[in-house]
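So this block is upload-v7.csv, CSV, C-alpha atoms and all ligand atoms:
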chain,number,residue,atom,x,y,z
A,1,MET,CA,14.5,-11.1,7.8
A,2,LYS,CA,13.2,-13.0,4.8
A,3,TYR,CA,9.9,-11.8,3.4
A,4,GLU,CA,8.7,-15.4,2.7
A,5,ASP,CA,8.9,-16.0,6.5
A,6,VAL,CA,6.2,-13.4,7.2
A,7,THR,CA,3.8,-13.9,4.3
A,8,TYR,CA,2.7,-17.6,4.6
A,9,ASP,CA,0.7,-18.6,1.5
A,10,TRP,CA,-0.9,-15.2,1.3
A,11,LEU,CA,1.2,-14.0,-1.7
A,12,ASN,CA,-0.1,-17.0,-3.8
A,13,ARG,CA,-3.6,-16.4,-2.6
A,14,VAL,CA,-3.8,-12.8,-3.6
A,15,GLU,CA,-1.9,-13.4,-6.9
A,16,ALA,CA,-4.5,-16.1,-7.9
A,17,LYS,CA,-7.4,-13.8,-6.9
A,18,LEU,CA,-6.0,-10.8,-8.9
A,19,ASP,CA,-5.5,-13.1,-11.9
A,20,ARG,CA,-9.1,-14.2,-11.7
A,21,VAL,CA,-10.7,-10.7,-11.3
A,22,LEU,CA,-8.6,-9.0,-14.0
A,23,PRO,CA,-10.0,-9.3,-17.5
A,24,ALA,CA,-8.0,-11.7,-19.8
A,25,ALA,CA,-5.4,-10.0,-21.9
A,26,SER,CA,-7.1,-11.4,-25.0
A,27,CYS,CA,-10.4,-9.7,-24.0
A,28,ALA,CA,-11.1,-6.5,-26.0
A,29,PRO,CA,-9.8,-3.9,-25.7
A,30,ALA,CA,-6.7,-6.1,-25.5
A,31,ARG,CA,-4.0,-3.5,-25.1
A,32,LEU,CA,-5.8,-1.9,-22.2
A,33,HIS,CA,-6.3,-5.2,-20.5
A,34,GLU,CA,-2.7,-6.1,-21.2
A,35,ALA,CA,-1.6,-2.9,-19.5
A,36,MET,CA,-3.8,-3.6,-16.5
A,37,ARG,CA,-2.4,-7.1,-16.0
A,38,TYR,CA,1.2,-5.9,-16.6
A,39,SER,CA,0.8,-3.3,-13.8
A,40,VAL,CA,-0.9,-5.6,-11.3
A,41,LEU,CA,0.4,-9.1,-11.7
A,42,GLY,CA,3.8,-10.7,-10.9
A,43,GLY,CA,5.4,-8.0,-8.9
A,44,GLY,CA,5.3,-5.9,-5.7
A,45,LYS,CA,5.5,-6.9,-2.1
A,46,ARG,CA,1.7,-7.2,-1.7
A,47,ILE,CA,2.2,-5.6,1.7
A,48,ARG,CA,-1.4,-4.3,1.8
A,49,PRO,CA,-3.0,-7.8,1.1
A,50,VAL,CA,-0.5,-9.3,3.6
A,51,LEU,CA,-1.8,-6.8,6.2
A,52,VAL,CA,-5.4,-7.8,5.4
A,53,TYR,CA,-4.6,-11.5,5.9
A,54,ALA,CA,-2.4,-10.9,9.0
A,55,THR,CA,-5.1,-8.8,10.6
A,56,GLY,CA,-7.6,-11.5,9.8
A,57,ALA,CA,-5.3,-14.1,11.4
A,58,ALA,CA,-5.1,-11.9,14.6
A,59,LEU,CA,-8.9,-11.7,14.8
A,60,GLY,CA,-9.9,-15.1,13.6
A,61,VAL,CA,-11.2,-14.2,10.1
A,62,PRO,CA,-10.2,-17.0,7.7
A,63,PRO,CA,-8.2,-15.9,4.6
A,64,GLU,CA,-10.9,-17.2,2.2
A,65,ARG,CA,-13.2,-14.4,3.4
A,66,LEU,CA,-10.5,-11.8,2.8
A,67,ASP,CA,-9.4,-12.5,-0.8
A,68,GLY,CA,-11.9,-9.9,-2.1
A,69,PRO,CA,-10.7,-7.0,0.1
A,70,ALA,CA,-7.0,-8.0,-0.3
A,71,ALA,CA,-7.3,-8.0,-4.1
A,72,ALA,CA,-9.4,-4.8,-4.3
A,73,ILE,CA,-7.0,-2.8,-2.1
A,74,GLU,CA,-4.0,-4.1,-4.3
A,75,LEU,CA,-5.9,-3.0,-7.4
A,76,MET,CA,-6.3,0.5,-6.0
A,77,HIS,CA,-2.6,0.6,-5.0
A,78,ALA,CA,-1.6,-0.5,-8.5
A,79,PHE,CA,-3.7,2.4,-9.9
A,80,SER,CA,-1.9,4.8,-7.6
A,81,LEU,CA,1.5,3.6,-8.7
A,82,ILE,CA,0.7,3.9,-12.4
A,83,HIS,CA,-0.3,7.6,-11.9
A,84,ASP,CA,2.5,8.3,-9.4
A,85,ASP,CA,5.1,7.3,-12.1
A,86,LEU,CA,3.6,9.4,-14.9
A,87,PRO,CA,5.8,12.2,-16.4
A,88,ALA,CA,3.3,14.7,-15.0
A,89,MET,CA,3.9,13.3,-11.5
A,90,ASP,CA,7.2,11.6,-10.4
A,91,ASN,CA,8.3,10.8,-13.9
A,92,ASP,CA,9.8,7.4,-13.1
A,93,ASP,CA,10.9,4.8,-15.7
A,94,LEU,CA,11.3,1.8,-13.4
A,95,ARG,CA,8.7,0.1,-11.1
A,96,ARG,CA,8.8,-3.4,-9.6
A,97,GLY,CA,12.0,-4.0,-11.6
A,98,LYS,CA,10.2,-3.4,-14.9
A,99,PRO,CA,9.6,-0.4,-17.1
A,100,THR,CA,6.7,1.7,-15.7
A,101,ALA,CA,3.4,1.3,-17.4
A,102,HIS,CA,3.7,4.5,-19.6
A,103,LYS,CA,7.1,3.3,-20.7
A,104,ALA,CA,6.0,-0.3,-21.5
A,105,PHE,CA,2.9,0.9,-23.3
A,106,ASP,CA,2.2,4.6,-23.8
A,107,GLU,CA,1.0,7.4,-21.6
A,108,ALA,CA,-2.6,7.3,-22.6
A,109,THR,CA,-2.8,3.5,-22.2
A,110,ALA,CA,-1.2,3.8,-18.7
A,111,ILE,CA,-3.7,6.5,-17.6
A,112,LEU,CA,-6.6,4.5,-18.9
A,113,ALA,CA,-5.4,1.3,-17.3
A,114,ALA,CA,-5.2,3.1,-13.9
A,115,ASP,CA,-8.7,4.5,-14.5
A,116,ALA,CA,-10.0,1.0,-15.1
A,117,LEU,CA,-8.4,-0.6,-12.1
A,118,GLN,CA,-10.2,1.8,-9.8
A,119,PRO,CA,-13.8,0.8,-10.6
A,120,LEU,CA,-12.7,-2.8,-10.8
A,121,ALA,CA,-11.6,-2.6,-7.2
A,122,PHE,CA,-15.1,-1.4,-6.2
A,123,GLN,CA,-16.8,-4.0,-8.4
A,124,VAL,CA,-14.8,-6.8,-6.6
A,125,LEU,CA,-15.9,-5.4,-3.2
A,126,ALA,CA,-19.5,-5.1,-4.3
A,127,THR,CA,-19.8,-8.6,-5.8
A,128,ASP,CA,-17.3,-11.0,-4.3
A,129,ALA,CA,-19.2,-13.9,-2.9
A,130,SER,CA,-16.3,-15.3,-0.9
A,131,MET,CA,-16.4,-12.4,1.5
A,132,ALA,CA,-19.6,-14.0,3.0
A,133,CYS,CA,-20.5,-11.0,5.0
A,134,GLU,CA,-23.6,-8.9,5.8
A,135,PRO,CA,-24.3,-6.1,3.2
A,136,ASN,CA,-23.5,-3.4,5.8
A,137,VAL,CA,-20.0,-4.8,6.3
A,138,ARG,CA,-19.4,-4.8,2.6
A,139,LEU,CA,-20.7,-1.3,2.4
A,140,LYS,CA,-18.5,-0.1,5.2
A,141,ILE,CA,-15.4,-1.5,3.5
A,142,ILE,CA,-16.4,0.2,0.2
A,143,GLU,CA,-16.9,3.5,2.1
A,144,GLU,CA,-13.5,3.3,3.8
A,145,LEU,CA,-11.7,2.4,0.5
A,146,ALA,CA,-13.4,5.3,-1.3
A,147,ALA,CA,-12.6,7.8,1.4
A,148,ALA,CA,-9.0,6.5,1.7
A,149,CYS,CA,-8.4,7.1,-2.0
A,150,GLY,CA,-10.2,10.4,-2.6
A,151,SER,CA,-9.3,14.0,-2.4
A,152,THR,CA,-9.0,13.9,1.4
A,153,GLY,CA,-7.1,10.6,1.2
A,154,MET,CA,-4.5,9.3,-1.1
A,155,THR,CA,-5.2,11.5,-4.1
A,156,GLY,CA,-5.2,14.6,-1.9
A,157,GLY,CA,-1.9,13.4,-0.4
A,158,GLN,CA,-0.4,13.0,-3.9
A,159,SER,CA,-1.5,16.5,-4.7
A,160,ILE,CA,0.2,17.9,-1.6
A,161,ASP,CA,3.3,15.8,-2.4
A,162,LEU,CA,3.6,17.4,-5.8
A,163,SER,CA,3.1,21.0,-4.6
A,164,ALA,CA,5.7,20.3,-1.8
A,165,GLU,CA,8.5,19.7,-4.3
A,166,GLY,CA,11.4,22.0,-3.5
A,167,LYS,CA,9.7,23.2,-0.3
A,168,ARG,CA,10.6,22.8,3.4
A,169,LEU,CA,7.6,21.3,5.2
A,170,ASN,CA,7.6,21.0,9.0
A,171,ALA,CA,7.1,17.7,10.7
A,172,ALA,CA,3.4,18.1,11.1
A,173,GLU,CA,2.9,19.0,7.5
A,174,LEU,CA,5.0,16.1,6.3
A,175,GLU,CA,3.2,13.7,8.6
A,176,ASN,CA,-0.1,14.9,7.3
A,177,MET,CA,1.0,14.3,3.7
A,178,TYR,CA,2.4,10.8,4.5
A,179,ASN,CA,-0.8,9.9,6.3
A,180,LEU,CA,-2.9,10.9,3.3
A,181,LYS,CA,-0.8,9.6,0.4
A,182,THR,CA,0.3,6.3,2.0
A,183,GLY,CA,-1.2,5.8,5.4
A,184,ARG,CA,-4.8,5.9,4.5
A,185,LEU,CA,-4.7,2.9,2.0
A,186,LEU,CA,-2.6,0.9,4.4
A,187,LYS,CA,-5.2,1.6,7.1
A,188,VAL,CA,-8.0,0.2,4.9
A,189,SER,CA,-6.0,-3.0,4.7
A,190,VAL,CA,-6.3,-3.4,8.5
A,191,LEU,CA,-9.8,-2.0,8.8
A,192,ALA,CA,-11.2,-4.3,6.1
A,193,ALA,CA,-10.2,-7.3,8.1
A,194,VAL,CA,-11.4,-5.8,11.4
A,195,TYR,CA,-14.8,-5.0,10.0
A,196,SER,CA,-15.0,-8.5,8.5
A,197,ALA,CA,-14.6,-9.8,12.1
A,198,ASP,CA,-17.0,-7.3,13.6
A,199,LEU,CA,-18.1,-3.7,12.7
A,200,GLN,CA,-17.8,-2.8,16.4
A,201,HIS,CA,-14.8,-4.9,17.2
A,202,PRO,CA,-13.3,-4.1,20.7
A,203,GLN,CA,-9.8,-3.9,19.1
A,204,LEU,CA,-10.8,-1.3,16.5
A,205,ASP,CA,-9.2,1.7,18.2
A,206,ALA,CA,-6.0,-0.1,19.1
A,207,MET,CA,-5.7,-1.5,15.6
A,208,THR,CA,-6.3,1.9,14.1
A,209,ARG,CA,-3.5,3.4,16.2
A,210,PHE,CA,-1.3,0.4,15.3
A,211,ILE,CA,-1.7,0.9,11.6
A,212,ASP,CA,-1.4,4.7,11.8
A,213,ALA,CA,2.1,4.3,13.3
A,214,VAL,CA,3.0,1.5,10.9
A,215,GLY,CA,1.8,3.6,7.9
A,216,LEU,CA,3.9,6.6,8.8
A,217,ALA,CA,6.9,4.3,9.3
A,218,PHE,CA,6.3,2.6,5.9
A,219,GLN,CA,6.6,5.9,4.0
A,220,ILE,CA,9.6,7.1,6.0
A,221,LYS,CA,11.3,3.8,5.2
A,222,ASP,CA,10.3,4.1,1.5
A,223,ASP,CA,12.1,7.5,1.6
A,224,ILE,CA,15.2,6.0,3.3
A,225,LEU,CA,15.3,3.3,0.7
A,226,ASP,CA,15.1,5.9,-2.1
A,227,ILE,CA,18.4,7.2,-0.7
A,228,GLU,CA,20.2,4.1,0.6
A,229,GLY,CA,18.6,1.3,-1.3
A,230,ALA,CA,19.9,-0.5,-4.4
A,231,THR,CA,17.9,0.0,-7.6
A,232,GLU,CA,18.0,-3.8,-8.3
A,233,THR,CA,16.5,-4.5,-4.8
A,234,ILE,CA,13.9,-1.8,-4.5
A,235,GLY,CA,12.9,-2.3,-8.2
A,236,LYS,CA,12.7,1.5,-8.6
A,237,GLN,CA,15.4,4.1,-9.6
A,238,GLN,CA,17.4,4.9,-6.4
A,239,GLY,CA,17.7,8.7,-5.9
A,240,SER,CA,14.5,9.6,-7.6
A,241,ASP,CA,13.3,11.8,-4.7
A,242,ILE,CA,16.5,13.9,-4.6
A,243,GLU,CA,16.3,14.3,-8.3
A,244,ARG,CA,12.9,15.9,-7.9
A,245,ASP,CA,13.7,17.7,-4.7
A,246,LYS,CA,10.9,15.9,-2.9
A,247,ALA,CA,10.0,16.9,0.6
A,248,THR,CA,10.8,13.7,2.5
A,249,TRP,CA,11.6,12.9,6.1
A,250,PRO,CA,15.3,12.0,5.5
A,251,ALA,CA,15.8,15.0,3.2
A,252,LEU,CA,14.4,17.5,5.8
A,253,PHE,CA,15.5,16.0,9.1
A,254,GLY,CA,18.4,13.7,8.1
A,255,ILE,CA,18.7,10.0,7.6
A,256,GLU,CA,19.5,9.1,11.2
A,257,VAL,CA,16.6,11.1,12.6
A,258,ALA,CA,14.4,9.3,10.0
A,259,ARG,CA,15.7,5.9,11.0
A,260,GLU,CA,15.1,6.7,14.7
A,261,LYS,CA,11.6,7.8,13.9
A,262,THR,CA,10.8,4.5,12.2
A,263,GLU,CA,12.1,2.6,15.3
A,264,GLU,CA,9.9,4.8,17.6
A,265,LEU,CA,6.9,4.2,15.5
A,266,LEU,CA,7.5,0.5,15.3
A,267,ALA,CA,7.7,0.3,19.1
A,268,ALA,CA,4.5,2.4,19.5
A,269,ALA,CA,2.7,0.2,17.0
A,270,LEU,CA,3.7,-3.0,18.7
A,271,ALA,CA,2.7,-1.7,22.1
A,272,GLU,CA,-0.8,-1.1,20.7
A,273,ILE,CA,-1.3,-4.8,20.0
A,274,SER,CA,0.8,-6.2,22.9
A,275,SER,CA,-2.3,-7.8,24.6
A,276,MET,CA,-3.4,-9.7,21.5
A,277,GLY,CA,-1.4,-12.8,22.0
A,278,ALA,CA,0.1,-15.3,19.6
A,279,PRO,CA,-2.6,-14.9,16.8
A,280,ALA,CA,-1.2,-11.4,16.3
A,281,ASP,CA,2.4,-12.6,15.7
A,282,PRO,CA,2.1,-12.5,11.9
A,283,LEU,CA,0.9,-8.9,12.2
A,284,ARG,CA,3.9,-8.1,14.5
A,285,GLN,CA,6.2,-9.7,11.9
A,286,VAL,CA,4.8,-7.7,9.1
A,287,ALA,CA,5.3,-4.4,11.1
A,288,ARG,CA,8.9,-5.4,11.8
A,289,PHE,CA,9.4,-6.2,8.2
A,290,ILE,CA,8.1,-2.8,7.1
A,291,VAL,CA,10.7,-1.0,9.2
A,292,ASN,CA,13.6,-3.4,8.5
A,293,ARG,CA,13.1,-4.2,4.9
A,294,GLU,CA,15.5,-3.6,2.1
A,295,MET,CA,12.9,-3.9,-0.7
B,301,LIG,C1,5.2,2.1,-3.0
B,301,LIG,O1,4.5,1.1,-2.3
B,301,LIG,C2,4.4,3.3,-2.9
B,301,LIG,C3,4.3,3.9,-1.6
B,301,LIG,C4,3.1,4.1,-1.0
B,301,LIG,C5,5.5,4.3,-0.9
B,301,LIG,P1,5.1,-0.4,-2.1
B,301,LIG,O2,6.5,-0.3,-1.5
B,301,LIG,O3,4.1,-1.2,-1.3
B,301,LIG,O4,5.2,-0.9,-3.6
B,301,LIG,P2,5.1,-2.4,-4.1
B,301,LIG,O5,3.6,-2.7,-4.2
B,301,LIG,O6,5.8,-3.3,-3.2
B,301,LIG,O7,5.6,-2.3,-5.5
B,302,LIG,C1,3.9,7.1,-3.4
B,302,LIG,O1,5.0,7.8,-2.8
B,302,LIG,C2,2.6,7.3,-2.8
B,302,LIG,C3,1.6,6.7,-3.7
B,302,LIG,C4,0.3,7.0,-3.4
B,302,LIG,C5,1.8,5.9,-4.9
B,302,LIG,P1,6.3,7.7,-3.6
B,302,LIG,O2,6.2,8.5,-4.8
B,302,LIG,O3,7.5,7.9,-2.7
B,302,LIG,O4,6.3,6.1,-4.1
B,302,LIG,P2,7.4,5.4,-4.9
B,302,LIG,O5,8.7,5.6,-4.2
B,302,LIG,O6,7.4,6.1,-6.3
B,302,LIG,O7,7.0,4.0,-4.9
B,303,MG,MG,5.2,10.1,-5.5
B,304,MG,MG,7.0,8.0,-6.8
B,305,MG,MG,9.2,6.8,-2.7

Go through the file and emit its structure as structure tokens.
Amino acid sequence: MKYEDVTYDWLNRVEAKLDRVLPAASCAPARLHEAMRYSVLGGGKRIRPVLVYATGAALGVPPERLDGPAAAIELMHAFSLIHDDLPAMDNDDLRRGKPTAHKAFDEATAILAADALQPLAFQVLATDASMACEPNVRLKIIEELAAACGSTGMTGGQSIDLSAEGKRLNAAELENMYNLKTGRLLKVSVLAAVYSADLQHPQLDAMTRFIDAVGLAFQIKDDILDIEGATETIGKQQGSDIERDKATWPALFGIEVAREKTEELLAAALAEISSMGAPADPLRQVARFIVNREM
């Protein structure tokens, strides 16, 4: 499956939006802005923005109204990646096929670039005119993104991930950690588009179950690729998890069990949106891509 076949013009859309909302590299303090742009632009699968647009397509929300949420969520994701790679965390040197931010710049600049990406995401959500939505919709998306990234969301999940190094978690503990560190931000990608359609959308619960399953599959697949993927294709150092004795699905239960789990989750996710007809096809394709990808 080629990624271009499931992303339509969405990669270009979000790239252009990110370029517009990030301060120019010439703008002072230049080195900080350079590090922010380096970490966000020209790389990554943009799977979260693609999920925003694909959900919008399924529910009849035009992409022009979703550029703000798509860009804001990607900014938060980029912040999480910069911190994830720091020596104090996963200590990785390669990200998106390039040196990690703290390698390309320095640790302090990387930390500050991530710090600045986070409020920029909220600034975009608070001010973006193209969202053309009621204030309560905007506020709901801001609330969801904040909750998804805080201490009971992604940041909390990252904390659990670090303290689980060298430990044997059970399936429920592992699932909780994956849900927090990865699932929650993926979930906002879908919910932002659902809320843009209708705060009380009839598909809200089904879409939530869909992305919960896809989110878990996404992180298990990430762990499988860390073992089986090629460094050039994944753009990250293969074997990084084993090197740090990370608690991962394939490490604890075996790679075949992990693969079967992603297939089960994909089937469960697709069943949740089976009644949504042809407009949900892009969303189905993205879900299949997440489980079958090599990047
Ligand atoms: C990597 O996310 C971090 C995880 C949550 C597993 P992605 O695989 O989406 O990374 P990019 O954005 O494509 O680089
Ligand atoms: C990352 O999990 C989760 C984040 C919140 C960034 P990983 O540590 O497995 O992500 P990669 O493999 O470095 O992208
Ligand atoms: Mg990590
Ligand atoms: Mg990592
Ligand atoms: Mg990983």

Can you find the residues with an atom no farther than 12 Å from (-15.6, -0.2, 4.0), counting all atoms listed in the file, and report them as number ranges by chain? A: 69, 72-73, 122, 125-126, 133-149, 185, 187-196, 199

Return as a ChimeraX atom specification every polymer residue, whether protein, DNA or RNA, with at least one atom no more than 7 Å from an atom of ligand LIG 301 (chain B); count all atoms listed in the file. /A:43-47,81,95-96,181-182,219,222

Between A:Ala24, A:Ile255, A:Ile224, A:Ile290, which has the minimum distance to ligand MG 305 (chain B) (counting only C-alpha atoms and all ligand atoms)? A:Ile224

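The residue set within 8 Å of segment 160-175 of chain A, counting only C-alpha atoms and dropping same-chain residues fewer than 2 places from it, reads Met89, Gly156, Gly157, Gln158, Met177, Tyr178, Asn179, Lys181, Leu216, Arg244, Asp245, Lys246, Ala247, Thr248, Trp249 and Leu252 of chain A.
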
Pick out the residues sitting within 12 Å of segment 270-286 of chain A, and hand them over as a PyMOL selection string; count only C-alpha atoms, and ignore anything fewer than 3 positions along from it in its own chain. chain A and resi 1-8+10+45-61+189-190+193+202-215+218+263-267+289-293

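Here atom CA of Pro63 of chain A stands at a distance of 27.3 Å from atom CA of Gly150 of chain A.
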
Give me, as CSV, each residue of chain A that comes within 9 Å of ligand MG 304 (chain B), together with its shortest interatomic pair and the distance in Å at one decimal, counting all atoms listed in the file, with rows ordered by chain and rising residue number.
residue,atom,partner,partner_atom,distance
A:Leu81,CA,B:MG304,MG,7.3
A:His83,CA,B:MG304,MG,8.9
A:Asp84,CA,B:MG304,MG,5.2
A:Asp85,CA,B:MG304,MG,5.7
A:Leu86,CA,B:MG304,MG,8.9
A:Met89,CA,B:MG304,MG,7.7
A:Asp90,CA,B:MG304,MG,5.1
A:Asn91,CA,B:MG304,MG,7.7
A:Asp92,CA,B:MG304,MG,6.9
A:Lys236,CA,B:MG304,MG,8.8
A:Ser240,CA,B:MG304,MG,7.7
A:Asp241,CA,B:MG304,MG,7.7

Computed gap from atom CA of Ser80 of chain A to atom C5 of ligand LIG 302 (chain B) is 4.7 Å

Set the distance at 8 Å and use all atoms listed in the file: which residues neighbour Leu22 of chain A once local chain neighbours fewer than 4 positions away are removed? I'd like the list as a PyMOL selection string. chain A and resi 18+33+36-37

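Remark: for ligand LIG 302 (chain B), the closest of the candidate residues A:Ala129, A:Ala104, A:Ile82, A:Ala71 is A:Ile82 (distances computed over all atoms listed in the file).
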
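Taking atom CA of Gly254 of chain A as the reference point, atom CA of Glu232 of chain A is found at 24.0 Å.
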
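Using only C-alpha atoms and all ligand atoms, the nearest neighbour of ligand MG 303 (chain B) within the list A:Gly97, A:Met154, A:Glu228, A:Glu294 is A:Met154.
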
Quick one: of A:Leu180, A:Ala269, A:Leu11, A:Leu41, who's nearest to ligand MG 303 (chain B), counting all atoms listed in the file? A:Leu180

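The smallest atom-to-atom distance between ligand MG 305 (chain B) and any of A:Ala35, A:Leu94, A:Leu117, A:Val257, using only C-alpha atoms and all ligand atoms, is found for A:Leu94.
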
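Counting only C-alpha atoms, the residue from A:Pro99, A:Gly42, A:Pro119, A:Pro23 that sits nearest to Gln237 of chain A is A:Pro99.
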
Please define a box with edges along x, y and z of the file around all atoms of segment 154-162 of chain A given in the file, extend it by 8 Å on each side, and return its centre and edge lengths in Å to one decimal, as lines of an AutoDock Vina configuration file.
center_x = -0.8
center_y = 13.6
center_z = -3.1
size_x = 24.8
size_y = 24.6
size_z = 21.4
